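Engineer: Structure file input13.txt, compact mmCIF, C-alpha atoms, is pasted below:
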# COMPACT_ATOMS: atom_id res chain seq x y z
CA MET A 1 11.14 -3.58 -19.49
CA THR A 2 12.72 -4.93 -16.30
CA GLN A 3 13.64 -8.62 -16.31
CA GLN A 4 11.42 -10.76 -14.06
CA ASN A 5 12.99 -11.71 -10.72
CA SER A 6 10.39 -13.15 -8.32
CA ALA A 7 12.75 -13.69 -5.37
CA LEU A 8 13.98 -10.08 -5.40
CA GLY A 9 10.43 -8.81 -5.89
CA ILE A 10 9.27 -10.76 -2.82
CA TRP A 11 12.06 -9.44 -0.58
CA LEU A 12 11.31 -5.89 -1.73
CA MET A 13 7.64 -6.48 -0.91
CA ILE A 14 8.51 -7.47 2.68
CA LEU A 15 10.67 -4.35 3.07
CA THR A 16 7.89 -2.23 1.59
CA MET A 17 5.38 -3.59 4.12
CA PHE A 18 7.68 -2.64 7.01
CA ILE A 19 8.05 0.89 5.64
CA PHE A 20 4.28 1.16 5.22
CA ALA A 21 3.75 0.04 8.84
CA VAL A 22 6.05 2.80 10.14
CA GLN A 23 4.33 5.26 7.83
CA ASP A 24 0.91 4.21 9.15
CA GLY A 25 2.01 4.87 12.72
CA ILE A 26 3.15 8.39 11.85
CA SER A 27 -0.05 8.98 9.89
CA ARG A 28 -2.16 7.95 12.85
CA HIS A 29 -0.31 10.36 15.12
CA LEU A 30 -0.64 13.32 12.77
CA ALA A 31 -4.25 12.59 11.77
CA SER A 32 -5.18 12.40 15.46
CA GLU A 33 -3.85 15.93 15.94
CA TYR A 34 -4.78 17.49 12.59
CA ASN A 35 -7.25 16.92 9.77
CA ALA A 36 -6.44 13.74 7.82
CA TRP A 37 -7.18 15.40 4.48
CA MET A 38 -4.52 18.05 5.16
CA VAL A 39 -1.97 15.47 6.34
CA VAL A 40 -2.28 13.45 3.13
CA MET A 41 -2.17 16.61 1.00
CA ILE A 42 1.15 17.83 2.50
CA ARG A 43 2.60 14.36 2.19
CA PHE A 44 1.81 14.31 -1.54
CA TRP A 45 3.31 17.78 -2.02
CA PHE A 46 6.65 16.34 -0.95
CA PHE A 47 6.02 13.19 -2.98
CA GLY A 48 5.10 15.09 -6.15
CA ALA A 49 8.07 17.46 -5.89
CA PHE A 50 10.52 14.61 -5.34
CA ALA A 51 9.05 12.62 -8.25
CA ALA A 52 9.37 15.64 -10.58
CA VAL A 53 13.01 16.28 -9.60
CA LEU A 54 13.91 12.60 -9.96
CA MET A 55 12.17 12.29 -13.31
CA SER A 56 13.87 15.42 -14.65
CA ARG A 57 17.20 13.60 -14.29
CA GLN A 58 16.05 10.63 -16.37
CA PRO A 59 16.52 10.29 -20.17
CA GLY A 60 13.89 12.44 -21.85
CA GLY A 61 13.15 14.32 -18.62
CA LEU A 62 9.71 15.56 -17.63
CA LYS A 63 8.65 15.91 -21.26
CA ALA A 64 8.89 12.15 -21.74
CA ALA A 65 7.19 11.44 -18.40
CA LEU A 66 4.19 13.56 -19.34
CA ARG A 67 3.63 11.37 -22.42
CA PRO A 68 3.18 7.82 -21.08
CA ASN A 69 1.84 5.08 -23.34
CA ARG A 70 -1.35 4.91 -21.26
CA PRO A 71 -1.93 8.41 -19.83
CA TRP A 72 -5.47 7.80 -18.58
CA LEU A 73 -4.41 4.61 -16.82
CA GLN A 74 -1.50 6.38 -15.11
CA ALA A 75 -3.69 9.34 -14.13
CA PHE A 76 -6.46 7.16 -12.71
CA ARG A 77 -4.16 4.93 -10.65
CA GLY A 78 -2.36 7.97 -9.19
CA ALA A 79 -5.61 9.66 -8.17
CA LEU A 80 -6.95 6.37 -6.82
CA LEU A 81 -3.96 5.92 -4.53
CA ALA A 82 -4.37 9.41 -3.04
CA LEU A 83 -8.04 8.75 -2.26
CA GLU A 84 -7.22 5.30 -0.84
CA ILE A 85 -4.63 6.78 1.52
CA ILE A 86 -7.14 9.33 2.79
CA VAL A 87 -9.70 6.59 3.42
CA THR A 88 -7.17 4.36 5.20
CA VAL A 89 -5.76 7.15 7.40
CA LEU A 90 -9.31 7.94 8.51
CA SER A 91 -9.72 4.29 9.53
CA PHE A 92 -6.58 4.57 11.70
CA VAL A 93 -8.19 7.46 13.56
CA TYR A 94 -11.55 5.71 14.11
CA LEU A 95 -10.41 2.10 14.61
CA GLY A 96 -6.66 2.16 15.40
CA LEU A 97 -3.82 0.41 13.58
CA VAL A 98 -4.49 -3.14 14.78
CA GLU A 99 -8.21 -3.14 14.02
CA SER A 100 -7.80 -1.34 10.69
CA HIS A 101 -5.11 -3.69 9.42
CA ALA A 102 -7.05 -6.73 10.60
CA ILE A 103 -9.65 -5.74 8.01
CA PHE A 104 -7.38 -4.12 5.41
CA VAL A 105 -5.27 -7.29 5.20
CA CYS A 106 -7.86 -8.84 2.90
CA TYR A 107 -6.66 -6.70 -0.05
CA PRO A 108 -4.00 -9.20 -1.26
CA LEU A 109 -6.74 -11.81 -1.57
CA LEU A 110 -8.68 -9.41 -3.76
CA ILE A 111 -5.62 -8.88 -5.99
CA VAL A 112 -5.02 -12.60 -6.44
CA ALA A 113 -8.71 -13.15 -7.14
CA PHE A 114 -8.71 -10.55 -9.93
CA SER A 115 -5.16 -10.97 -11.28
CA GLY A 116 -6.44 -13.61 -13.72
CA PRO A 117 -9.35 -11.73 -15.34
CA VAL A 118 -7.69 -8.29 -15.15
CA LEU A 119 -4.06 -9.14 -15.94
CA GLY A 120 -4.36 -12.56 -17.57
CA GLU A 121 -1.82 -14.05 -15.14
CA SER A 122 -1.72 -17.76 -14.39
CA VAL A 123 -2.31 -18.69 -10.73
CA GLY A 124 -1.29 -22.27 -9.87
CA TRP A 125 -3.05 -24.50 -7.38
CA ARG A 126 -0.29 -24.06 -4.79
CA ARG A 127 -0.75 -20.29 -4.79
CA TRP A 128 -4.50 -20.71 -4.56
CA SER A 129 -3.96 -23.06 -1.63
CA ALA A 130 -1.78 -20.49 0.13
CA VAL A 131 -4.41 -17.82 -0.54
CA ALA A 132 -7.15 -20.07 0.85
CA ILE A 133 -5.13 -20.72 4.01
CA GLY A 134 -4.48 -16.99 4.34
CA PHE A 135 -8.19 -16.32 3.99
CA VAL A 136 -8.87 -18.68 6.91
CA GLY A 137 -6.52 -16.50 8.94
CA VAL A 138 -8.47 -13.41 7.88
CA LEU A 139 -11.73 -15.01 9.03
CA ILE A 140 -10.20 -15.77 12.40
CA ILE A 141 -9.04 -12.16 12.78
CA LEU A 142 -12.46 -10.82 11.75
CA ARG A 143 -14.32 -13.00 14.24
CA PRO A 144 -17.56 -11.04 14.92
CA SER A 145 -17.46 -11.88 18.62
CA GLY A 146 -13.98 -10.35 18.82
CA GLY A 147 -15.48 -6.88 18.53
CA VAL A 148 -13.77 -5.84 15.28
CA PHE A 149 -17.03 -5.20 13.46
CA SER A 150 -18.51 -1.72 13.88
CA PRO A 151 -20.02 0.88 11.56
CA TYR A 152 -16.49 2.19 11.01
CA ALA A 153 -15.30 -1.22 9.74
CA ILE A 154 -16.53 -0.27 6.27
CA ILE A 155 -13.77 2.38 6.03
CA PRO A 156 -10.73 0.03 5.88
CA LEU A 157 -12.79 -2.42 3.78
CA VAL A 158 -13.32 0.27 1.14
CA GLY A 159 -9.63 1.14 1.43
CA ALA A 160 -8.65 -2.49 0.83
CA LEU A 161 -10.75 -2.65 -2.33
CA MET A 162 -9.24 0.61 -3.61
CA PHE A 163 -5.67 -0.52 -2.87
CA ALA A 164 -6.24 -3.87 -4.57
CA LEU A 165 -7.40 -2.07 -7.70
CA TYR A 166 -4.38 0.24 -7.49
CA GLY A 167 -2.06 -2.78 -7.30
CA LEU A 168 -3.63 -4.38 -10.36
CA LEU A 169 -3.48 -1.15 -12.36
CA THR A 170 0.17 -0.66 -11.35
CA ARG A 171 1.03 -4.08 -12.71
CA LEU A 172 -0.94 -3.34 -15.89
CA ALA A 173 0.84 -0.01 -16.37
CA ALA A 174 4.24 -1.70 -15.91
CA ARG A 175 3.67 -3.60 -19.17
CA THR A 176 3.99 -0.45 -21.27
CA ASP A 177 5.64 2.20 -19.08
CA SER A 178 8.75 2.25 -16.90
CA ALA A 179 8.68 2.20 -13.11
CA MET A 180 9.97 5.79 -13.08
CA THR A 181 7.11 6.97 -15.28
CA ALA A 182 4.60 5.27 -12.98
CA PHE A 183 6.33 6.80 -9.95
CA PHE A 184 6.13 10.29 -11.45
CA TRP A 185 2.42 9.95 -12.24
CA THR A 186 1.73 8.60 -8.75
CA GLY A 187 3.25 11.76 -7.28
CA LEU A 188 1.69 14.12 -9.83
CA MET A 189 -1.88 12.85 -9.62
CA GLY A 190 -1.61 12.25 -5.89
CA ALA A 191 -0.63 15.89 -5.36
CA ILE A 192 -3.42 17.17 -7.60
CA THR A 193 -6.12 14.95 -6.10
CA SER A 194 -5.13 15.45 -2.46
CA THR A 195 -4.85 19.23 -2.92
CA ALA A 196 -8.31 19.41 -4.45
CA THR A 197 -9.74 17.82 -1.30
CA GLY A 198 -7.28 18.81 1.45
CA ILE A 199 -6.79 22.52 0.79
CA TRP A 200 -10.19 23.22 2.36
CA PHE A 201 -9.04 21.75 5.71
CA TRP A 202 -5.79 23.67 6.27
CA GLU A 203 -4.76 24.32 9.89
CA SER A 204 -1.56 25.39 11.67
CA MET A 205 0.92 22.68 12.60
CA ALA A 206 3.41 22.63 15.49
CA GLY A 207 7.13 22.69 14.72
CA LEU A 208 7.86 19.14 15.91
CA ASP A 209 4.98 17.79 13.88
CA TRP A 210 6.50 19.31 10.75
CA LEU A 211 9.48 17.02 11.42
CA TRP A 212 7.11 14.05 11.66
CA MET A 213 5.51 15.20 8.41
CA LEU A 214 8.92 15.22 6.74
CA ILE A 215 9.60 11.67 7.96
CA LEU A 216 6.13 10.61 6.80
CA SER A 217 6.81 12.06 3.36
CA CYS A 218 10.14 10.23 3.08
CA THR A 219 8.57 6.89 4.02
CA GLY A 220 5.78 7.49 1.52
CA ILE A 221 8.22 8.22 -1.30
CA THR A 222 10.38 5.19 -0.50
CA GLY A 223 7.50 2.78 0.06
CA HIS A 224 5.58 3.53 -3.10
CA PHE A 225 8.67 3.53 -5.29
CA LEU A 226 9.58 0.08 -3.93
CA LEU A 227 6.01 -1.12 -4.48
CA ILE A 228 6.19 -0.11 -8.12
CA LYS A 229 9.50 -1.93 -8.47
CA CYS A 230 7.96 -5.04 -6.88
CA TYR A 231 5.29 -5.25 -9.57
CA ASP A 232 7.92 -4.59 -12.20
CA LEU A 233 9.93 -7.61 -11.01
CA ALA A 234 7.29 -10.25 -10.25
CA GLU A 235 3.70 -11.27 -10.91
CA ALA A 236 1.05 -9.77 -8.67
CA SER A 237 -0.23 -13.20 -7.62
CA ALA A 238 3.28 -14.21 -6.46
CA LEU A 239 3.82 -11.04 -4.43
CA GLN A 240 0.54 -10.72 -2.61
CA PRO A 241 1.00 -13.35 0.15
CA PHE A 242 3.94 -11.30 1.39
CA ALA A 243 1.86 -8.17 1.68
CA TYR A 244 0.41 -9.88 4.76
CA PHE A 245 3.59 -8.94 6.61
CA GLN A 246 2.17 -5.45 7.02
CA LEU A 247 -0.28 -6.84 9.58
CA PRO A 248 2.25 -7.95 12.23
CA PHE A 249 4.47 -4.94 11.49
CA ALA A 250 1.62 -2.45 11.93
CA SER A 251 0.28 -4.32 14.96
CA ALA A 252 3.68 -3.98 16.63
CA VAL A 253 3.66 -0.23 15.96
CA GLY A 254 0.13 0.04 17.36
CA VAL A 255 0.96 -1.85 20.54
CA LEU A 256 4.39 -0.33 21.24
CA THR A 257 3.57 3.25 20.28
CA PHE A 258 -0.15 3.75 20.91
CA GLY A 259 -0.85 1.16 23.60
CA GLU A 260 -3.31 -0.81 21.49
CA THR A 261 -4.15 -4.41 22.43
CA ILE A 262 -4.05 -7.53 20.28
CA ARG A 263 -6.62 -10.23 20.97
CA SER A 264 -5.72 -13.91 20.72
CA ASN A 265 -7.73 -14.37 17.52
CA VAL A 266 -5.64 -11.65 15.83
CA VAL A 267 -2.41 -13.42 16.81
CA ILE A 268 -3.63 -16.82 15.57
CA GLY A 269 -4.89 -15.35 12.30
CA ALA A 270 -1.68 -13.41 11.71
CA VAL A 271 0.45 -16.55 12.23
CA ILE A 272 -1.65 -18.44 9.67
CA ILE A 273 -1.45 -15.61 7.13
CA VAL A 274 2.32 -15.14 7.46
CA GLY A 275 2.79 -18.93 7.29
CA ALA A 276 0.89 -19.02 4.00
CA GLY A 277 3.13 -16.26 2.65
CA LEU A 278 6.30 -18.06 3.69
CA PHE A 279 5.10 -21.24 2.00
CA THR A 280 4.58 -19.35 -1.26
CA PHE A 281 8.05 -17.83 -0.97
CA TRP A 282 9.49 -21.32 -0.51
CA ARG A 283 7.68 -22.46 -3.66
CA GLU A 284 9.09 -19.50 -5.60
CA ARG A 285 12.62 -20.40 -4.46
CA ARG A 286 12.08 -24.01 -5.55
CA LYS A 287 10.88 -22.90 -8.97
CA GLY A 288 13.84 -20.54 -9.31
Hey, can you dump this file as structure tokens for me?
Structural biologist:
Amino acid sequence: MTQQNSALGIWLMILTMFIFAVQDGISRHLASEYNAWMVVMIRFWFFGAFAAVLMSRQPGGLKAALRPNRPWLQAFRGALLALEIIVTVLSFVYLGLVESHAIFVCYPLLIVAFSGPVLGESVGWRRWSAVAIGFVGVLIILRPSGGVFSPYAIIPLVGALMFALYGLLTRLAARTDSAMTAFFWTGLMGAITSTATGIWFWESMAGLDWLWMLILSCTGITGHFLLIKCYDLAEASALQPFAYFQLPFASAVGVLTFGETIRSNVVIGAVIIVGAGLFTFWRERRKG
């Protein structure tokens, strides 16, 4: 198994959040023009093919990848991610990037809350303090009077819960299987699950949008591989405060690309959340 390196894991998490923010912007564009189920399906076709080619070059090849130590765990987490992406892309269409991420940002809190009972990890009082401060920022962002709440708000909330569970299962799978095995199963089960739902919504796509789809697929491959490596390098409870960086990154994409607006409560909450993450990073550096 990979040697633990919390500092490297944290920096990779920040990079992953930036890639996810760019990916979310492309997803919003494509899902606004075409059916979201089809967009996610094509993306996972690229993902699954790349994962199979990459795994075939590893020791043992595809034969070894198809026999993980926990096959049902790998299969479930891969299918769960595909469904979570569909749910989250739909929230981008109905709520926009800023509003969706203002709600979705609660998923790291869910991971920290369950990392103890699910993974048996130890969470110190300083991390809990940073999580509590981050949660205050979330409450400020989700101020009811700010207009975030709507019937569609349940969509990114469900997505956050699904992604938190995916993160925990990824960390659990990393205890017995390599990152490459997890990456392969993410692509395999994602392609199977998204095809089973998306094939019924096929529609023609313009030439330029196929280029955007290719870029989307590349960001998806890169982002999820880095996420797997993050959990392979550091504890889930140490990484999660830095997942908050996706909020300001995605908000910037929403404002600059789609003309969305950011209310003052979103700015204040984001500053508090990022500050909590930076404090935890500082504590990790001190411990190292």
Engineer: Can you tell me which residues surround Leu119 of chain A at a distance of at most 8 Å, considering all atoms listed in the file, apart from same-chain residues fewer than 5 positions away, and format the answer as a ChimeraX atom specification?
Structural biologist: /A:114,168,171-172
Engineer: Box for segment 210-219 of chain A - axis-aligned, 4 Å on each of the six sides, all listed atoms - centre and size in Å to one decimal, as AutoDock Vina command-line options.
Structural biologist:
--center_x 7.8 --center_y 13.1 --center_z 7.4 --size_x 12.6 --size_y 20.4 --size_z 16.6
Engineer: Rounded to one decimal place, report the atom CA of Leu226 of chain A-atom CA of Thr186 of chain A distance in Å.
Structural biologist: 12.5 Å
Engineer: How many Å separate atom CA of Thr170 of chain A from atom CA of Ala153 of chain A?
Structural biologist: 26.2 Å
Engineer: Can you tell me which residues surround Ile228 of chain A at a distance of at most 8 Å, considering all atoms listed in the file, apart from same-chain residues fewer than 3 positions away, and format the answer as number ranges by chain?
Structural biologist: A: 170-171, 179, 182-183, 224-225, 231-232
Engineer: Please provide the set of residues having any atom within 8 Å of Leu233 of chain A, restricted to all atoms listed in the file, with same-chain residues fewer than 2 positions apart removed, written as a list in words.
Structural biologist: Thr2, Gln3, Gln4, Asn5, Ser6, Leu8, Gly9, Lys229, Cys230, Tyr231 and Glu235 of chain A
Engineer: Please list as an NGL selection string every residue within 10 Å of Asp24 of chain A, counting only C-alpha atoms and excluding residues in the same chain fewer than 4 positions away.
Structural biologist: :A and (18-20 or 28-30 or 85 or 88-89 or 92 or 97 or 101 or 216 or 219-220 or 246 or 250 or 253-254)
Engineer: Interatomic distance between atom CA of Asn265 of chain A and atom CA of Gly159 of chain A?
Structural biologist: 22.4 Å
Engineer: Can you pull out every residue within 9 Å of Thr181 of chain A, counting all atoms listed in the file, but drop anything in the same chain fewer than 4 positions away, and send it as an MDAnalysis selection string?
Structural biologist: chainID A and resid 55 64:66 68 74 177 185:186
Engineer: Using all atoms listed in the file for the distances, tell me which of A:Gly259, A:Gly137, A:Gly48, A:Pro117 is nearest to Ala82 of chain A.
Structural biologist: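 Selected residue with least distance to Ala82 of chain A: A:Gly48.
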Engineer: Select, counting all atoms listed in the file, all protein, DNA and RNA residues no farther than 6 Å from (-7.7, 10.4, 15.2) in file coordinates, and express the selection as a PyMOL selection string.
Structural biologist: chain A and resi 31-32+93
Engineer: For Ile111 of chain A, which of A:Arg263, A:Leu161, A:Met17, A:Trp72 is the closest residue, counting all atoms listed in the file?
Structural biologist: A:Leu161
Engineer: Choose the residue, out of A:Phe50, A:Tyr244, A:Phe104, A:Trp128, that has the smallest atom-to-atom separation from Val158 of chain A; count only C-alpha atoms.
Structural biologist: A:Phe104
Engineer: Which one of A:Ala75, A:Leu54, A:Leu188, A:Val98 sits closest to Thr257 of chain A if you count all atoms listed in the file?
Structural biologist: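 With all atoms listed in the file as the atom set, the closest residue is A:Val98.
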